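**Q** Structure: my_file_7.tsv, TSV, C-alpha atoms.
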chain	number	residue	atom	x	y	z
R	1447	MET	CA	109.14	118.74	71.23
R	1448	ARG	CA	108.97	117.24	67.72
R	1449	LYS	CA	105.15	117.58	67.65
R	1450	LYS	CA	105.34	121.24	68.65
R	1451	LEU	CA	107.91	121.99	65.94
R	1452	THR	CA	105.84	120.16	63.34
R	1453	ILE	CA	102.75	122.17	64.23
R	1454	LEU	CA	104.68	125.42	64.04
R	1455	PHE	CA	106.15	124.47	60.66
R	1456	LEU	CA	102.74	123.60	59.20
R	1457	ALA	CA	101.18	126.76	60.59
R	1458	LEU	CA	103.89	128.85	58.91
R	1459	LEU	CA	103.35	127.08	55.59
R	1460	ILE	CA	99.55	127.20	55.72
R	1461	PRO	CA	98.67	130.25	57.85
R	1462	THR	CA	94.97	130.00	56.95
R	1463	LEU	CA	94.63	126.73	58.88
R	1464	VAL	CA	93.64	126.74	62.55
R	1465	PHE	CA	94.59	123.65	64.54
R	1466	ALA	CA	92.48	122.24	67.38
R	1467	PHE	CA	94.22	119.24	68.87
R	1468	THR	CA	94.85	117.06	71.84
R	1469	TYR	CA	97.75	114.66	72.30
R	1470	ASP	CA	99.40	112.57	74.98
R	1471	TRP	CA	102.85	111.70	76.20
R	1472	GLU	CA	103.92	108.82	78.35
R	1473	ILE	CA	104.19	109.08	82.11
R	1474	ASP	CA	104.30	105.32	82.73
R	1475	TYR	CA	103.12	102.50	80.46
R	1476	MET	CA	103.81	99.99	83.26
R	1477	GLU	CA	106.07	97.79	81.16
R	1478	TYR	CA	107.68	95.84	84.02
R	1479	ALA	CA	108.49	92.31	82.86
R	1480	ASN	CA	108.50	90.60	86.27
R	1481	ASP	CA	107.57	91.12	89.91
R	1482	ALA	CA	111.08	92.15	90.91
R	1483	ALA	CA	111.12	94.90	88.29
R	1484	ALA	CA	107.66	96.12	89.35
R	1485	GLN	CA	108.64	96.19	93.01
R	1486	ALA	CA	111.89	98.00	92.29
R	1487	ALA	CA	109.94	100.62	90.33
R	1488	TYR	CA	106.93	101.00	92.66
R	1489	VAL	CA	108.34	100.71	96.15
R	1490	SER	CA	105.93	99.87	98.96
R	1491	SER	CA	105.90	101.97	102.13
R	1492	ALA	CA	104.26	99.10	104.02
R	1493	SER	CA	105.97	97.36	106.91
R	1494	PHE	CA	106.68	93.63	106.73
R	1495	ARG	CA	104.53	92.03	109.42
R	1496	SER	CA	102.57	88.93	110.37
R	1497	ASN	CA	99.64	88.02	108.14
R	1498	ALA	CA	97.60	87.52	111.35
R	1499	ASP	CA	95.83	84.38	110.13
R	1500	ILE	CA	96.06	82.90	113.65
R	1501	ASP	CA	95.36	85.90	115.87
R	1502	ASP	CA	94.79	89.62	115.36
R	1503	GLU	CA	94.41	91.72	118.53
R	1504	ASP	CA	93.64	95.46	118.41
R	1505	MET	CA	93.73	95.76	122.23
R	1506	ALA	CA	90.36	97.53	122.35
R	1507	ASP	CA	89.28	94.76	124.74
R	1508	ILE	CA	91.85	92.74	126.70
R	1509	SER	CA	89.42	90.68	128.75
R	1510	ASP	CA	90.52	87.59	126.80
R	1511	TRP	CA	94.04	88.07	128.17
R	1512	ALA	CA	94.45	86.47	131.59
R	1513	ASP	CA	95.50	88.94	134.29
R	1514	GLN	CA	98.65	87.61	135.96
R	1515	ASP	CA	99.87	90.77	137.75
R	1516	GLY	CA	102.24	90.42	140.72
R	1517	GLU	CA	102.59	92.66	143.81
R	1518	ASN	CA	102.23	96.33	142.73
R	1519	GLY	CA	101.97	95.67	138.97
R	1520	VAL	CA	98.83	96.68	137.05
R	1521	SER	CA	97.84	95.64	133.52
R	1522	SER	CA	94.88	97.46	131.96
R	1523	GLN	CA	93.16	98.58	128.78
R	1524	VAL	CA	93.66	102.28	128.08
R	1525	THR	CA	93.62	104.85	125.31
R	1526	PHE	CA	97.10	106.23	124.81
R	1527	ASP	CA	98.29	108.48	122.01
R	1528	SER	CA	94.81	108.08	120.44
R	1529	LYS	CA	95.30	104.30	120.27
R	1530	SER	CA	93.54	101.46	122.08
R	1531	CYS	CA	96.29	99.81	124.08
R	1532	MET	CA	97.21	97.23	126.66
R	1533	LYS	CA	99.13	99.08	129.36
R	1534	LEU	CA	101.64	97.25	131.55
R	1535	ASP	CA	102.72	99.26	134.62
R	1536	SER	CA	105.06	97.59	137.10
R	1537	GLY	CA	103.98	100.00	139.87
R	1538	THR	CA	106.06	100.91	142.91
R	1539	ALA	CA	109.29	98.93	142.96
R	1540	LYS	CA	109.16	95.78	145.05
R	1541	ALA	CA	110.48	92.25	144.76
R	1542	SER	CA	108.10	90.27	142.50
R	1543	SER	CA	106.37	93.44	141.23
R	1544	PHE	CA	105.31	93.04	137.61
R	1545	ALA	CA	102.41	93.63	135.23
R	1546	ARG	CA	101.51	90.58	133.17
R	1547	ARG	CA	98.93	89.44	130.61
R	1548	GLN	CA	98.80	85.98	129.05
R	1549	GLN	CA	96.68	84.24	126.42
R	1550	ASP	CA	96.57	80.88	124.65
R	1551	ILE	CA	95.76	81.70	121.03
R	1552	GLY	CA	95.75	78.09	119.78
R	1553	SER	CA	98.29	76.16	117.77
R	1554	LEU	CA	101.25	77.82	116.13
R	1555	GLY	CA	103.06	75.99	113.33
R	1556	THR	CA	106.70	75.03	113.25
R	1557	ASN	CA	107.34	78.35	111.51
R	1558	PHE	CA	105.43	81.44	112.59
R	1559	VAL	CA	105.53	85.23	112.44
R	1560	VAL	CA	104.42	87.58	115.22
R	1561	SER	CA	104.23	91.37	115.17
R	1562	CYS	CA	103.61	94.00	117.86
R	1563	ASN	CA	103.51	97.76	118.05
R	1564	PHE	CA	105.25	98.80	121.30
R	1565	TYR	CA	105.70	102.12	123.08
R	1566	PHE	CA	108.26	101.82	125.87
R	1567	ASP	CA	107.37	104.71	128.11
R	1568	LYS	CA	109.93	103.68	130.72
R	1569	LEU	CA	112.25	100.69	130.96
R	1570	GLY	CA	114.85	99.75	133.53
R	1571	PRO	CA	118.04	97.73	133.21
R	1572	TYR	CA	118.02	94.05	132.34
R	1573	ALA	CA	119.70	92.71	135.47
R	1574	SER	CA	117.68	91.25	138.36
R	1575	ASN	CA	114.30	91.92	136.74
R	1576	ASN	CA	115.06	95.56	137.47
R	1577	GLY	CA	112.79	96.99	134.77
R	1578	LYS	CA	112.91	94.82	131.66
R	1579	MET	CA	109.92	93.81	129.51
R	1580	LEU	CA	109.68	90.15	128.44
R	1581	PHE	CA	107.68	89.00	125.39
R	1582	LYS	CA	107.24	85.22	124.95
R	1583	VAL	CA	105.67	83.16	122.15
R	1584	ASP	CA	105.53	79.38	122.57
R	1585	ASN	CA	104.85	76.84	119.79
R	1586	GLY	CA	105.30	73.84	122.05
R	1587	THR	CA	108.77	73.03	120.76
R	1588	ILE	CA	110.56	76.33	121.22
R	1589	VAL	CA	109.56	79.52	122.98
R	1590	LEU	CA	110.64	82.80	121.44
R	1591	GLY	CA	111.82	84.95	124.33
R	1592	VAL	CA	112.50	88.64	123.58
R	1593	ILE	CA	113.72	90.97	126.32
R	1594	PHE	CA	113.53	94.76	126.05
R	1595	SER	CA	115.46	96.91	128.52
R	1596	ASN	CA	117.12	100.31	128.62
R	1597	ASP	CA	120.47	98.62	128.11
R	1598	GLY	CA	119.60	96.60	125.03
R	1599	LEU	CA	117.66	93.96	123.14
R	1600	ARG	CA	118.18	90.33	124.18
R	1601	ILE	CA	116.86	87.06	122.75
R	1602	ARG	CA	116.93	83.74	124.57
R	1603	ASP	CA	118.87	80.82	123.15
R	1604	ALA	CA	118.76	77.32	124.68
R	1605	SER	CA	120.32	78.38	127.98
R	1606	SER	CA	120.88	82.14	128.26
R	1607	ASP	CA	119.66	85.61	127.35
R	1608	VAL	CA	121.94	86.89	124.58
R	1609	LEU	CA	122.49	90.60	124.03
R	1610	ILE	CA	121.75	91.39	120.38
R	1611	ASP	CA	122.13	95.16	120.33
R	1612	GLY	CA	122.64	97.62	123.18
R	1613	THR	CA	120.99	100.52	121.33
R	1614	ALA	CA	118.14	98.88	119.40
R	1615	ILE	CA	115.35	100.09	121.68
R	1616	THR	CA	114.05	103.65	121.66
R	1617	GLU	CA	111.91	104.83	124.56
R	1618	ASP	CA	109.03	107.31	124.19
R	1619	THR	CA	108.28	106.46	120.57
R	1620	TRP	CA	106.29	103.79	118.77
R	1621	GLN	CA	108.33	100.93	117.37
R	1622	GLU	CA	106.85	98.13	115.29
R	1623	TRP	CA	108.56	94.78	115.89
R	1624	THR	CA	108.18	91.62	113.78
R	1625	PHE	CA	109.73	88.26	114.63
R	1626	ALA	CA	109.83	85.60	111.89
R	1627	VAL	CA	110.66	82.27	113.54
R	1628	ASN	CA	112.12	79.28	111.71
R	1629	GLY	CA	111.18	76.45	114.06
R	1630	THR	CA	113.29	73.90	112.26
R	1631	ALA	CA	116.51	75.89	112.47
R	1632	LYS	CA	115.38	77.44	115.81
R	1633	THR	CA	116.30	80.91	114.61
R	1634	VAL	CA	114.48	84.22	114.29
R	1635	ASP	CA	114.71	87.19	111.93
R	1636	VAL	CA	113.91	90.53	113.57
R	1637	TYR	CA	112.29	93.44	111.75
R	1638	ILE	CA	112.07	96.92	113.30
R	1639	ASP	CA	109.54	99.22	111.64
R	1640	GLY	CA	109.34	96.81	108.72
R	1641	VAL	CA	113.09	96.66	108.09
R	1642	LEU	CA	115.05	93.41	108.48
R	1643	THR	CA	117.52	94.37	111.21
R	1644	TYR	CA	118.85	91.10	112.67
R	1645	GLU	CA	118.94	87.75	110.87
R	1646	ASP	CA	119.20	84.10	111.94
R	1647	ILE	CA	119.34	84.80	115.67
R	1648	ASP	CA	119.38	81.69	117.88
R	1649	CYS	CA	116.05	81.32	119.74
R	1650	ALA	CA	116.28	77.67	120.82
R	1651	ARG	CA	114.76	77.88	124.33
R	1652	ALA	CA	112.59	74.78	124.87
R	1653	GLY	CA	108.83	75.33	124.65
R	1654	ALA	CA	105.98	73.72	126.55
R	1655	THR	CA	102.52	75.08	125.60
R	1656	ASN	CA	101.69	75.57	121.92
R	1657	GLY	CA	100.08	78.98	121.38
R	1658	LEU	CA	100.84	80.59	124.74
R	1659	ILE	CA	101.60	84.35	124.48
R	1660	ASP	CA	103.04	86.28	127.41
R	1661	PHE	CA	103.72	89.98	128.05
R	1662	ILE	CA	105.54	90.78	131.32
R	1663	GLN	CA	106.72	94.21	132.47
R	1664	TYR	CA	109.06	93.84	135.47
R	1665	GLY	CA	109.85	96.50	138.06
R	1666	TYR	CA	111.62	94.89	140.98
R	1667	ILE	CA	114.00	97.81	141.52
R	1668	THR	CA	112.83	100.62	139.19
R	1669	SER	CA	109.33	101.96	139.90
R	1670	ASP	CA	106.62	102.48	137.29
R	1671	CYS	CA	108.22	100.82	134.31
R	1672	ILE	CA	105.56	101.14	131.61
R	1673	THR	CA	104.98	99.55	128.21
R	1674	TYR	CA	102.02	100.21	125.89
R	1675	ILE	CA	101.00	97.58	123.31
R	1676	ASP	CA	98.88	98.93	120.46
R	1677	TRP	CA	98.27	95.62	118.68
R	1678	PHE	CA	99.47	92.05	118.39
R	1679	LYS	CA	99.37	89.74	115.33
R	1680	ALA	CA	100.29	86.08	115.00
R	1681	GLY	CA	100.35	84.20	111.72
R	1682	SER	CA	101.89	81.52	109.60
R	1683	VAL	CA	103.82	83.89	107.31
R	1684	GLY	CA	104.86	87.51	107.01
R	1685	VAL	CA	103.49	89.85	104.36
R	1686	LEU	CA	103.64	93.40	103.12
R	1687	PRO	CA	100.10	94.81	103.48
R	1688	LEU	CA	100.62	96.59	100.15
R	1689	GLN	CA	102.79	95.22	97.36
R	1690	SER	CA	103.23	95.74	93.61
R	1691	TYR	CA	103.55	93.02	90.95
R	1692	SER	CA	103.87	92.64	87.21
R	1693	GLU	CA	100.71	91.60	85.35
R	1694	SER	CA	100.63	90.24	81.79
R	1695	THR	CA	96.94	89.33	81.39
R	1696	ILE	CA	94.86	92.25	82.67
R	1697	LYS	CA	96.19	95.21	80.72
R	1698	THR	CA	95.05	97.84	78.20
R	1699	GLN	CA	98.22	98.42	76.16
R	1700	GLY	CA	101.65	96.93	75.68
R	1701	THR	CA	102.64	93.69	77.37
R	1702	TYR	CA	102.21	94.42	81.08
R	1703	SER	CA	100.29	96.43	83.66
R	1704	LEU	CA	101.07	97.14	87.32
R	1705	LYS	CA	99.21	94.95	89.81
R	1706	GLY	CA	98.69	96.12	93.40
R	1707	VAL	CA	97.53	93.90	96.26
R	1708	ALA	CA	96.23	95.70	99.35
R	1709	ALA	CA	95.39	93.84	102.57
R	1710	ILE	CA	92.36	94.65	104.68
R	1711	THR	CA	92.87	97.37	107.33
R	1712	ASP	CA	96.68	97.23	107.48
R	1713	SER	CA	97.20	98.77	104.05
R	1714	LEU	CA	95.35	102.02	104.84
R	1715	ASN	CA	97.47	105.03	103.79
R	1716	ASP	CA	100.28	102.78	102.56
R	1717	THR	CA	101.81	103.85	99.26
R	1718	LEU	CA	103.53	102.54	96.14
R	1719	THR	CA	106.01	105.16	94.95
R	1720	ARG	CA	107.93	105.37	91.71
R	1721	THR	CA	110.84	107.80	91.66
R	1722	ILE	CA	111.19	109.34	88.21
R	1723	ALA	CA	114.78	109.46	86.96
R	1724	ASP	CA	114.20	112.34	84.52
R	1725	ASN	CA	111.75	114.73	86.16
R	1726	LEU	CA	108.65	115.60	84.16
R	1727	ASP	CA	107.69	119.16	83.27
R	1728	LEU	CA	103.90	119.26	83.09
R	1729	SER	CA	103.70	123.05	82.80
R	1730	ASN	CA	100.77	124.13	80.63
R	1731	SER	CA	99.40	120.58	80.55
R	1732	GLU	CA	95.78	120.19	81.56
R	1733	GLY	CA	95.09	116.49	81.87
R	1734	ILE	CA	96.38	113.11	82.99
R	1735	GLU	CA	94.73	109.88	81.89
R	1736	TYR	CA	95.16	106.33	83.21
R	1737	ASP	CA	93.41	102.97	83.15
R	1738	ILE	CA	92.30	101.18	86.31
R	1739	TYR	CA	90.78	97.75	86.94
R	1740	ALA	CA	89.90	96.73	90.51
R	1741	LEU	CA	88.14	94.03	92.49
R	1742	ARG	CA	86.48	96.62	94.74
R	1743	THR	CA	84.13	99.36	93.62
R	1744	GLY	CA	84.23	102.84	95.07
R	1745	SER	CA	86.87	105.42	95.93
R	1746	ASN	CA	89.66	103.36	97.45
R	1747	ILE	CA	92.82	104.39	95.58
R	1748	LYS	CA	94.50	107.73	94.90
R	1749	ILE	CA	97.04	108.52	92.19
R	1750	GLY	CA	99.42	111.35	92.99
R	1751	ILE	CA	102.15	113.36	91.31
R	1752	HIS	CA	104.82	114.89	93.54
R	1753	ASP	CA	106.65	118.05	92.52
R	1754	SER	CA	110.22	118.58	93.70
R	1755	GLY	CA	109.02	121.75	95.40
R	1756	GLY	CA	107.16	119.58	97.89
R	1757	THR	CA	103.58	119.62	96.58
R	1758	THR	CA	101.66	116.40	95.97
R	1759	SER	CA	98.57	116.64	93.77
R	1760	GLU	CA	96.16	113.69	93.90
R	1761	HIS	CA	93.24	112.17	92.04
R	1762	THR	CA	90.90	109.58	93.53
R	1763	ALA	CA	89.67	106.89	91.16
R	1764	ASN	CA	86.00	106.05	91.66
R	1765	VAL	CA	85.66	102.49	90.36
R	1766	ALA	CA	82.13	102.08	89.06
R	1767	THR	CA	82.18	98.35	88.26
R	1768	SER	CA	84.44	95.68	89.71
R	1769	ASN	CA	86.61	93.53	87.42
R	1770	THR	CA	86.12	95.98	84.56
R	1771	ASN	CA	88.61	98.37	83.05
R	1772	GLN	CA	87.80	102.06	83.15
R	1773	THR	CA	89.73	105.08	81.95
R	1774	GLU	CA	90.15	107.93	84.41
R	1775	SER	CA	90.60	111.50	83.19
R	1776	TRP	CA	92.25	113.78	85.73
R	1777	ASP	CA	91.93	117.52	85.18
R	1778	ILE	CA	95.14	119.16	86.40
R	1779	SER	CA	94.42	122.55	84.82
R	1780	GLY	CA	93.81	123.92	88.32
R	1781	VAL	CA	97.26	122.86	89.54
R	1782	SER	CA	99.67	125.77	89.20
R	1783	ASP	CA	102.63	125.35	86.86
R	1784	ALA	CA	104.90	125.89	89.86
R	1785	ASN	CA	103.45	122.73	91.40
R	1786	LYS	CA	103.74	120.55	88.31
R	1787	ASP	CA	106.84	121.79	86.47
R	1788	ASP	CA	109.26	119.31	88.06
R	1789	ILE	CA	107.46	116.04	88.86
R	1790	ASP	CA	109.87	113.63	90.57
R	1791	SER	CA	107.57	110.79	91.64
R	1792	ILE	CA	104.27	109.02	91.11
R	1793	ILE	CA	102.47	107.89	94.27
R	1794	VAL	CA	99.67	105.33	94.57
R	1795	THR	CA	97.91	105.56	97.96
R	1796	ILE	CA	95.36	103.25	99.57
R	1797	SER	CA	92.66	105.60	100.89
R	1798	ASN	CA	90.18	102.94	101.98
R	1799	ALA	CA	91.13	99.50	103.35
R	1800	ASP	CA	87.82	98.33	104.79
R	1801	ALA	CA	88.22	95.25	102.60
R	1802	ALA	CA	91.12	93.63	100.78
R	1803	ASN	CA	91.62	94.81	97.22
R	1804	THR	CA	93.55	93.90	94.09
R	1805	PHE	CA	93.88	96.55	91.40
R	1806	TYR	CA	95.66	97.07	88.08
R	1807	LEU	CA	97.02	100.32	86.64
R	1808	ASP	CA	98.10	100.92	83.06
R	1809	ASP	CA	98.79	103.54	80.39
R	1810	ILE	CA	99.41	106.67	82.48
R	1811	LYS	CA	99.87	109.63	80.14
R	1812	TRP	CA	99.51	113.39	80.03
R	1813	GLY	CA	98.18	115.82	77.46
R	1814	ILE	CA	97.39	119.42	76.72
R	1815	ASP	CA	93.64	119.19	77.26
R	1816	ALA	CA	91.94	117.77	80.32
R	1817	ALA	CA	90.03	115.22	78.27
R	1818	GLY	CA	93.21	113.48	77.09
R	1819	GLY	CA	92.71	111.11	74.19
R	1820	GLY	CA	95.69	111.64	71.92
R	1821	ASN	CA	93.53	112.71	68.92
R	1822	TRP	CA	94.40	115.29	66.27
R	1823	THR	CA	91.78	117.48	64.60
R	1824	TRP	CA	92.55	120.10	61.95
R	1825	VAL	CA	90.01	122.90	61.56
R	1826	GLN	CA	90.27	125.18	58.52
Represent the structure contained in this file as structure tokens.
**A**
Amino acid sequence: MRKKLTILFLALLIPTLVFAFTYDWEIDYMEYANDAAAQAAYVSSASFRSNADIDDEDMADISDWADQDGENGVSSQVTFDSKSCMKLDSGTAKASSFARRQQDIGSLGTNFVVSCNFYFDKLGPYASNNGKMLFKVDNGTIVLGVIFSNDGLRIRDASSDVLIDGTAITEDTWQEWTFAVNGTAKTVDVYIDGVLTYEDIDCARAGATNGLIDFIQYGYITSDCITYIDWFKAGSVGVLPLQSYSESTIKTQGTYSLKGVAAITDSLNDTLTRTIADNLDLSNSEGIEYDIYALRTGSNIKIGIHDSGGTTSEHTANVATSNTNQTESWDISGVSDANKDDIDSIIVTISNADAANTFYLDDIKWGIDAAGGGNWTWVQ
């Protein structure tokens, strides 16, 4: 506002002068002094899951999973909900009827993290193998035993199956489950859809075969209990496929830039979102400018501005040279004032995750002309 008043004052004093100018105002200079501050500002949408450095199964081919079906149970590879899946169907109810697949994926460490995307099409009660689904992961010392049924989530301790939550499981929807096992303490933390939901749960059942993974859908009493498994990951640690950090070395202004680390495949369409406390009015503005530095070349990252009216406008950065800073000029003159007069968030989206990427963003600003630049020129 001060610049506009100054221009008006000068124009009134010297009416024979014509001013041609561009200038810029801050959107975000990325001055976050540590990782915690960066992550609080740019919140990741990614789900906490296994880093999959031991096994990563997309279930497009399940021939490497041993078929252990019993009685009327059938395990198969199918396409369901546009996803390649392992399907476990218990079949017509009968004693010892179950669908089962098993694989030895090699050695798991004392601590390990496993993740699965499950769709429980139909489950039965827990009792008497009526219609529960059992998921087991063995590291040779302990075996994580997780039981899904229509009357709750249970986890095995040294001697029994312990009810954790009677309402944790939702049928007919995808749920992503991650289990982070502390083999020393013999406990597990449980994440549902990336959110830590249960912590330090006893999982001390004795193990026998390091690396043995087991999926079993029972149906002794209830017919056609069905579970779909979209993918399975086993690793040494858990990660967020997309996370933000503070960076003090690779920057173009100030003391810090924002660093983003995107994992291969899993980070696709994940976002880093900053909610703006004092909404920005970009009415009549024509350009946004920002600096980007990335390990990958090409069009892999989008920068978006979200208006409180519900519209998100985006710009894709085309990185010409890796490990080199470039300034992106984003022409927003075509975005209506109604869609940029009340900007409440900045959104960074991973649009290509064919390879892992690390990128740095700095000096996001807006100006009157689409070229940006912050320069003043007086023309008489």
**Q** At a cut-off of 9 Å, using all atoms listed in the file, what residues contact stretch 1734-1740 of chain R? Leave out same-chain residues fewer than 3 positions from it and give the result as an MDAnalysis selection string.
**A** chainID R and resid 1470 1473 1696:1698 1731 1743 1763 1765 1767:1778 1803:1819
**Q** Tell me, as a PyMOL selection string, which residues lie within 9 Å of R:Asp1603, counting only C-alpha atoms; anything in the same chain fewer than 4 positions away does not count.
**A** chain R and resi 1590-1591+1607-1608+1632-1633+1647-1652
**Q** Which neighbours of stretch 1712-1725 of chain R fall inside 6 Å, counting only C-alpha atoms, when residues of the same chain fewer than 6 positions from it are skipped, and could you give them as an MDAnalysis selection string?
**A** chainID R and resid 1487:1492 1687:1688 1788:1799
**Q** How many Å separate atom CA of R:Cys1531 from atom CA of R:Asp1584?
**A** 22.5 Å
**Q** Just give me the gap between atom CA of R:Ala1541 and atom CA of R:Glu1617 in Å, one decimal is fine.
**A**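 Interatomic distance, atom CA of R:Ala1541 to atom CA of R:Glu1617: 23.8 Å.
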**Q** Counting all atoms listed in the file, what is within 7 Å of stretch 1501-1513 of chain R, bar same-chain residues fewer than 5 positions away, as a PyMOL selection string?
**A** chain R and resi 1523+1530-1532+1546-1549+1551+1676-1681
**Q** Please, what distance in Å, to one decimal, runs between atom CA of R:Ala1498 and atom CA of R:Ala1654?
**A** 22.2 Å
**Q** Point out the residue among R:Ile1675, R:Met1476, R:Val1707, R:Ile1667 with the least atom-to-atom distance to R:Ser1574, counting all atoms listed in the file.
**A** R:Ile1667
**Q** Would you list the contacts of R:Phe1564 as a PyMOL selection string, taking every protein, DNA or RNA residue within 12 Å and counting all atoms listed in the file, but skipping same-chain residues closer than 2 positions in sequence?
**A** chain R and resi 1505+1526-1527+1529+1531-1534+1561-1562+1566-1568+1579+1581+1594+1615-1624+1638-1639+1661+1672-1678
**Q** Nearest to R:Thr1711 among R:Ala1801, R:Val1683, R:Ile1588, R:Leu1642, with distances taken over all atoms listed in the file: which residue is it?
**A**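 Of all the options, R:Ala1801 lies closest to R:Thr1711.
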**Q** Calculated over only C-alpha atoms, which of the candidates R:Gln1663, R:Asn1497, R:Ser1669, R:Ser1606 has the smallest distance to R:Ser1521?
**A**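 Selected residue with least distance to R:Ser1521: R:Gln1663.
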**Q** Pick the closest to R:Asn1576 from R:His1752, R:Lys1540, R:Arg1600, R:Lys1705: which is it, counting all atoms listed in the file?
**A**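 Between R:His1752, R:Lys1540, R:Arg1600, R:Lys1705, the residue approaching R:Asn1576 most closely is R:Lys1540.
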